[in-house]
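data_1.cif (mmCIF, C-alpha atoms) appears below.
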```cif
data_upload
loop_
_atom_site.label_atom_id
_atom_site.label_comp_id
_atom_site.auth_asym_id
_atom_site.auth_seq_id
_atom_site.Cartn_x
_atom_site.Cartn_y
_atom_site.Cartn_z
CA MET A 523 -8.74 -1.94 -1.11
CA ASN A 524 -7.40 -5.33 -2.16
CA THR A 525 -10.42 -7.06 -0.65
CA LEU A 526 -12.92 -4.69 -2.27
CA LEU A 527 -11.25 -5.05 -5.68
CA GLY A 528 -10.65 -8.78 -5.46
CA GLU A 529 -7.08 -8.12 -6.64
CA LYS A 530 -3.81 -7.64 -4.76
CA LEU A 531 -2.61 -4.17 -5.74
CA SER A 532 -1.11 -2.99 -2.45
CA ILE A 533 1.48 -5.26 -0.84
CA ILE A 534 0.58 -6.55 2.61
CA THR A 535 2.94 -7.14 5.53
CA PRO A 536 2.60 -6.94 9.33
CA LYS A 537 5.14 -4.10 9.36
CA ALA A 538 4.27 -0.42 9.62
CA GLN A 539 4.97 1.90 6.65
CA THR A 540 4.61 -0.91 4.10
CA THR A 541 2.89 1.37 1.56
CA ARG A 542 5.15 4.12 0.15
CA HIS A 543 3.25 5.35 -2.90
CA ARG A 544 -0.27 6.49 -3.67
CA ILE A 545 -1.91 3.62 -5.55
CA LEU A 546 -5.23 3.94 -7.37
CA GLY A 547 -7.52 0.92 -7.49
CA ILE A 548 -10.54 1.09 -9.78
CA ALA A 549 -13.67 -0.91 -8.89
CA ASN A 550 -16.19 -1.25 -11.72
CA GLY A 551 -19.77 -2.51 -11.43
CA ASP A 552 -22.72 -2.44 -13.82
CA ASP A 553 -23.80 0.97 -12.56
CA TYR A 554 -20.79 2.35 -10.71
CA GLN A 555 -17.08 3.09 -10.81
CA VAL A 556 -15.25 3.75 -7.54
CA VAL A 557 -11.65 4.98 -7.63
CA PHE A 558 -9.84 4.05 -4.41
CA SER A 559 -6.68 5.93 -3.48
CA ASP A 560 -4.51 3.84 -1.15
CA THR A 561 -1.94 6.07 0.54
CA PRO A 562 0.95 5.52 2.94
CA GLY A 563 -0.05 5.46 6.59
CA VAL A 564 0.02 8.79 8.40
CA LEU A 565 3.26 9.35 10.30
CA THR A 566 5.67 12.05 11.48
CA PRO A 567 8.47 12.14 8.86
CA ASN A 568 12.05 11.39 9.93
CA TYR A 569 13.70 11.75 6.51
CA LYS A 570 12.94 13.05 3.00
CA LEU A 571 11.44 9.79 1.73
CA GLN A 572 8.84 9.91 4.49
CA GLU A 573 8.22 13.60 3.77
CA GLN A 574 7.32 12.65 0.22
CA MET A 575 5.15 9.77 1.45
CA MET A 576 3.17 12.29 3.49
CA GLN A 577 2.91 14.49 0.40
CA PHE A 578 1.06 11.61 -1.29
CA VAL A 579 -1.36 11.61 1.65
CA LYS A 580 -1.94 15.36 1.39
CA THR A 581 -2.55 15.15 -2.36
CA ALA A 582 -5.18 12.48 -1.75
CA LEU A 583 -6.83 14.73 0.85
CA ASP A 584 -7.27 17.46 -1.76
CA ASP A 585 -9.29 15.48 -4.30
CA ALA A 586 -11.28 12.93 -2.27
CA ASP A 587 -15.10 12.75 -2.30
CA LEU A 588 -15.07 10.33 0.65
CA PHE A 589 -12.49 9.48 3.30
CA ILE A 590 -11.97 5.97 4.65
CA VAL A 591 -10.06 6.07 7.93
CA LEU A 592 -8.74 2.60 8.74
CA VAL A 593 -7.89 1.87 12.38
CA GLU A 594 -7.45 -1.11 14.68
CA ILE A 595 -9.02 -1.69 18.08
CA ASN A 596 -6.50 0.21 20.22
CA ASP A 597 -5.60 2.95 17.73
CA ASP A 598 -5.98 6.67 18.36
CA PHE A 599 -5.99 9.39 15.71
CA GLU A 600 -3.09 11.59 16.78
CA HIS A 601 -2.37 13.63 13.64
CA GLU A 602 -4.45 16.76 14.18
CA ASP A 603 -3.36 18.43 10.92
CA ILE A 604 -4.73 15.54 8.87
CA LEU A 605 -7.93 15.49 10.93
CA PHE A 606 -8.36 19.24 10.41
CA ARG A 607 -8.04 18.88 6.63
CA ILE A 608 -10.56 16.01 6.59
CA LYS A 609 -13.06 18.08 8.57
CA ARG A 610 -12.45 21.19 6.47
CA SER A 611 -13.14 19.29 3.24
CA GLY A 612 -16.75 18.64 4.25
CA ALA A 613 -16.57 15.17 2.65
CA PRO A 614 -18.18 12.21 4.47
CA VAL A 615 -15.93 9.92 6.52
CA LEU A 616 -16.22 6.15 6.84
CA LEU A 617 -14.21 4.88 9.81
CA LEU A 618 -13.40 1.17 9.60
CA ILE A 619 -12.24 -0.70 12.69
CA ASN A 620 -10.22 -3.55 11.16
CA LYS A 621 -8.98 -6.93 12.47
CA ILE A 622 -11.95 -7.42 14.78
CA ASP A 623 -11.46 -11.18 14.32
CA LEU A 624 -8.48 -10.79 16.68
CA SER A 625 -10.47 -9.04 19.42
CA LYS A 626 -13.16 -9.86 21.97
CA GLN A 627 -16.70 -8.65 21.39
CA ASP A 628 -16.66 -6.23 24.35
CA GLU A 629 -13.43 -4.67 23.02
CA VAL A 630 -15.04 -4.14 19.63
CA LEU A 631 -18.14 -2.55 21.17
CA PHE A 632 -15.99 -0.28 23.33
CA SER A 633 -14.01 0.84 20.28
CA ILE A 634 -17.18 1.54 18.27
CA THR A 635 -18.59 3.62 21.12
CA LYS A 636 -15.32 5.52 21.56
CA TRP A 637 -15.14 6.56 17.89
CA GLU A 638 -18.85 7.37 17.59
CA LYS A 639 -18.63 9.59 20.64
CA ALA A 640 -15.46 11.35 19.44
CA TYR A 641 -16.67 11.87 15.85
CA PRO A 642 -20.48 11.72 15.75
CA ASP A 643 -20.61 12.73 12.07
CA TRP A 644 -18.46 9.80 10.96
CA HIS A 645 -19.89 6.45 9.86
CA VAL A 646 -18.26 3.77 12.05
CA LEU A 647 -18.19 0.14 10.94
CA PRO A 648 -16.28 -2.86 12.40
CA ILE A 649 -14.69 -5.10 9.76
CA SER A 650 -12.25 -7.91 9.13
CA ALA A 651 -10.63 -7.45 5.73
CA LEU A 652 -8.89 -10.82 6.09
CA MET A 653 -12.12 -12.73 6.85
CA GLY A 654 -14.32 -10.60 4.56
CA PHE A 655 -16.59 -9.61 7.45
CA ASN A 656 -18.81 -6.58 6.67
CA ILE A 657 -16.97 -5.89 3.39
CA ASP A 658 -20.28 -5.95 1.51
CA LYS A 659 -21.60 -3.27 3.89
CA VAL A 660 -18.48 -1.17 3.30
CA LEU A 661 -19.06 -1.14 -0.47
CA SER A 662 -22.78 -0.40 -0.01
CA LYS A 663 -21.95 2.53 2.28
CA ILE A 664 -19.33 3.87 -0.14
CA LEU A 665 -21.84 3.82 -3.02
CA GLU A 666 -24.42 5.52 -0.79
CA LEU A 667 -22.07 8.33 0.26
CA LEU A 668 -20.28 9.06 -3.01
CA PRO A 669 -21.65 11.79 -5.31
CA GLU A 670 -22.79 10.82 -8.80
CA SER A 671 -20.31 11.52 -11.58
CA PRO A 672 -19.30 10.23 -15.02
CA PRO A 673 -16.61 7.50 -14.83
CA PHE A 674 -13.02 8.73 -14.84
CA TYR A 675 -11.48 5.58 -16.39
CA PRO A 676 -12.39 2.93 -19.00
CA LYS A 677 -14.34 0.04 -17.51
CA ASP A 678 -11.54 -2.49 -18.08
CA GLU A 679 -8.88 -0.57 -16.14
CA LEU A 680 -7.89 -1.71 -12.64
CA THR A 681 -5.16 0.76 -11.63
CA ASP A 682 -3.09 3.72 -12.78
CA LYS A 683 0.25 2.00 -12.12
CA PRO A 684 2.25 0.05 -14.76
CA LEU A 685 3.05 -3.65 -14.41
CA ARG A 686 6.71 -2.91 -13.60
CA PHE A 687 5.62 -1.04 -10.46
CA PHE A 688 3.84 -4.11 -9.09
CA VAL A 689 6.75 -6.42 -9.93
CA ALA A 690 9.06 -4.15 -7.91
CA GLU A 691 6.53 -4.05 -5.06
CA ILE A 692 6.38 -7.85 -4.91
CA VAL A 693 10.16 -8.03 -4.54
CA ARG A 694 10.04 -5.33 -1.85
CA GLU A 695 7.27 -7.25 -0.04
CA LYS A 696 9.51 -10.33 0.19
CA ILE A 697 12.30 -8.21 1.64
CA LEU A 698 9.89 -6.78 4.22
CA MET A 699 8.80 -10.28 5.18
CA ASN A 700 12.31 -11.79 5.40
CA PHE A 701 14.24 -9.03 7.18
CA HIS A 702 13.76 -7.09 10.39
CA GLN A 703 14.60 -3.76 12.02
CA GLU A 704 15.96 -1.11 9.66
CA ILE A 705 16.85 -3.27 6.63
CA PRO A 706 13.41 -3.29 4.88
CA TYR A 707 13.06 0.48 5.29
CA SER A 708 16.48 1.10 3.73
CA VAL A 709 15.61 -0.79 0.55
CA GLU A 710 14.21 0.37 -2.78
CA VAL A 711 13.59 -1.94 -5.75
CA GLU A 712 14.13 -0.79 -9.33
CA ILE A 713 13.25 -2.74 -12.48
CA GLU A 714 16.23 -2.39 -14.82
CA SER A 715 14.76 -4.47 -17.65
CA TYR A 716 11.51 -6.31 -18.42
CA LYS A 717 11.56 -8.40 -21.61
CA GLU A 718 8.57 -10.45 -22.74
CA GLU A 719 9.17 -13.53 -24.86
CA GLU A 720 6.58 -15.96 -26.18
CA LYS A 721 6.53 -18.22 -23.12
CA LEU A 722 8.87 -16.40 -20.71
CA VAL A 723 9.34 -12.99 -19.15
CA ARG A 724 12.90 -12.00 -18.26
CA ILE A 725 13.14 -9.47 -15.42
CA ARG A 726 16.26 -7.85 -14.04
CA CYS A 727 15.95 -5.96 -10.72
CA HIS A 728 18.27 -3.78 -8.71
CA ILE A 729 17.75 -3.82 -4.95
CA HIS A 730 19.13 -0.51 -3.65
CA VAL A 731 20.36 -0.31 -0.05
CA ALA A 732 21.50 2.76 1.88
CA ARG A 733 24.77 1.41 3.34
CA ASN A 734 27.51 -1.09 2.48
CA SER A 735 26.79 -3.23 5.54
CA GLN A 736 23.21 -3.78 4.36
CA LYS A 737 24.32 -5.25 1.04
CA GLY A 738 25.91 -8.27 2.71
CA ILE A 739 22.85 -8.87 4.86
CA ILE A 740 20.49 -8.84 1.86
CA ILE A 741 22.74 -11.24 -0.08
CA GLY A 742 23.33 -13.53 2.90
CA HIS A 743 25.83 -16.36 3.36
CA GLN A 744 26.66 -17.86 -0.04
CA GLY A 745 23.81 -15.80 -1.53
CA LYS A 746 21.12 -17.80 0.26
CA ALA A 747 19.08 -14.82 1.51
CA LEU A 748 18.93 -13.22 -1.94
CA LYS A 749 18.02 -16.54 -3.54
CA LYS A 750 15.13 -16.97 -1.07
CA ILE A 751 13.79 -13.50 -1.91
CA GLY A 752 14.05 -14.27 -5.62
CA THR A 753 12.27 -17.62 -5.36
CA GLU A 754 9.38 -16.21 -3.33
CA ALA A 755 9.03 -13.14 -5.56
CA ARG A 756 9.17 -15.14 -8.79
CA LYS A 757 6.28 -17.36 -7.71
CA ASP A 758 4.05 -14.37 -6.97
CA ILE A 759 5.03 -12.57 -10.18
CA GLU A 760 4.23 -15.70 -12.21
CA THR A 761 0.81 -15.87 -10.54
CA MET A 762 0.18 -12.21 -11.34
CA ILE A 763 1.23 -12.19 -15.00
CA GLU A 764 0.32 -15.85 -15.71
CA LYS A 765 3.62 -16.57 -17.42
CA GLN A 766 6.92 -18.23 -16.54
CA VAL A 767 9.43 -15.73 -15.14
CA PHE A 768 13.22 -15.63 -15.11
CA LEU A 769 14.09 -13.19 -12.33
CA GLU A 770 17.57 -11.75 -11.73
CA LEU A 771 18.24 -9.77 -8.54
CA TYR A 772 21.30 -7.59 -7.93
CA VAL A 773 22.08 -5.57 -4.81
CA LYS A 774 23.49 -2.07 -5.21
CA VAL A 775 24.57 0.49 -2.61
CA SER A 776 22.96 3.90 -3.22
CA LYS A 777 24.25 5.77 -0.20
CA ASN A 778 21.61 7.56 1.89
CA TRP A 779 19.12 7.44 -1.00
CA ARG A 780 16.23 8.21 1.39
CA GLU A 781 17.65 11.74 1.86
CA ASP A 782 18.75 12.30 -1.74
CA GLU A 783 16.35 14.45 -3.83
CA ARG A 784 17.78 13.19 -7.11
CA GLN A 785 17.47 9.53 -6.14
CA LEU A 786 13.94 10.02 -4.78
CA ARG A 787 12.93 11.56 -8.12
CA ARG A 788 14.49 8.64 -9.96
CA PHE A 789 12.54 6.14 -7.85
CA GLY A 790 9.24 7.92 -8.53
CA TYR A 791 8.76 9.76 -5.25
CA LYS A 792 8.86 13.21 -6.86
#
```
Here is a file; write its structure as structure tokens.
Amino acid sequence: MNTLLGEKLSIITPKAQTTRHRILGIANGDDYQVVFSDTPGVLTPNYKLQEQMMQFVKTALDDADLFIVLVEINDDFEHEDILFRIKRSGAPVLLLINKIDLSKQDEVLFSITKWEKAYPDWHVLPISALMGFNIDKVLSKILELLPESPPFYPKDELTDKPLRFFVAEIVREKILMNFHQEIPYSVEVEIESYKEEEKLVRIRCHIHVARNSQKGIIIGHQGKALKKIGTEARKDIETMIEKQVFLELYVKVSKNWREDERQLRRFGYK
């Protein structure tokens, strides 16, 4: 979606389950408007946060005119319930085999053949989102397969999410990139205040963790880990909003927030 829009709306990391929300990206051309719905990856939920993430996926399944299934060379589609709902919808499916720049040609051809044989009604296309390979063909195919309709949004809109959401996502991206194992998945970022001045934006963030032990890890020795997150996030936020940013980060323990209905609602998952 980021590549097709030419804007970074969804954060990108090598880790699974990076996307937690359903994010709309709106692509406008002279004679088209395409509304992309980027959802969390399909998984088997282990706690209430992940249950709600899968609810975002199911909501997207209900109102889509076209499905884009994104896989990599060695992936298999194991979630039969999702597959059943896609088939039942009757909507066309575009299956994109991504990261082919990391694979040999015979591996790519084998993967194409495998998917075409398994799902003959799907439109299979190898791509590299990073390198931009076949992205023009993806957009052409999307426009070919989508039904005609009046535009849903004004032509100058890019997404349905507010600026605060993307600021929080940038901070969370830096945590995902700087920490390993369970830490990134135990973190939620909340914007406490966002104040615009003439030449400066002052932002105060709370980084919520699930346990006391995680707070010390996020802060690091003499606060160095937290300072690194703040420096990296501030640079990206300044690029996004094109203004100087003063960013304050505070770490707060919100015990077992991933299982807490009230906290999930507060963080926008309900």
* Asked: Got a sec: who's within 10 Å of Leu667 (chain A), counting all atoms listed in the file, leaving out chain neighbours fewer than 4 positions off, as a list in words?
  ->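 Those residues are Asp587, Leu588, Ala613, Pro614, Val615, Leu616, Leu661, Ser662 and Lys663 of chain A.
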Which residues fall under the PyMOL selection byres ((chain A and resi 550) around 10) in this file, as a compact mmCIF listing (two decimals) with C-alpha atoms, keeping the file's coordinate frame?
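In the end it all went to part.txt:
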```txt
# COMPACT_ATOMS: atom_id res chain seq x y z
CA LEU A 527 -11.25 -5.05 -5.68
CA GLY A 547 -7.52 0.92 -7.49
CA ILE A 548 -10.54 1.09 -9.78
CA ALA A 549 -13.67 -0.91 -8.89
CA GLY A 551 -19.77 -2.51 -11.43
CA ASP A 552 -22.72 -2.44 -13.82
CA ASP A 553 -23.80 0.97 -12.56
CA TYR A 554 -20.79 2.35 -10.71
CA GLN A 555 -17.08 3.09 -10.81
CA VAL A 556 -15.25 3.75 -7.54
CA VAL A 557 -11.65 4.98 -7.63
CA PRO A 673 -16.61 7.50 -14.83
CA TYR A 675 -11.48 5.58 -16.39
CA PRO A 676 -12.39 2.93 -19.00
CA LYS A 677 -14.34 0.04 -17.51
CA ASP A 678 -11.54 -2.49 -18.08
CA GLU A 679 -8.88 -0.57 -16.14
CA LEU A 680 -7.89 -1.71 -12.64
```
* Asked: When distances are computed from only C-alpha atoms, which of A:Thr535, A:Ser776, A:Gly752, A:Lys621 shows the smallest separation from Asn656 (chain A)?
  ->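 Of A:Thr535, A:Ser776, A:Gly752, A:Lys621, the one nearest Asn656 (chain A) is A:Lys621, counting only C-alpha atoms.
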* To do: Considering all atoms listed in the file, return as a PyMOL selection string whatever protein or nucleic-acid residues lie within 10 Å of Glu710 (chain A), sequence-local ones (same chain, fewer than 3 positions apart) excluded.
  => chain A and resi 690-691+693-694+697+706-707+728-732+774+776+779-780+786+789
* **Resolved residues for the PyMOL selection byres ((chain A and resi 631-640) around 12) as a PyMOL selection string** => chain A and resi 591-599+615-620+622+625-630+641-649
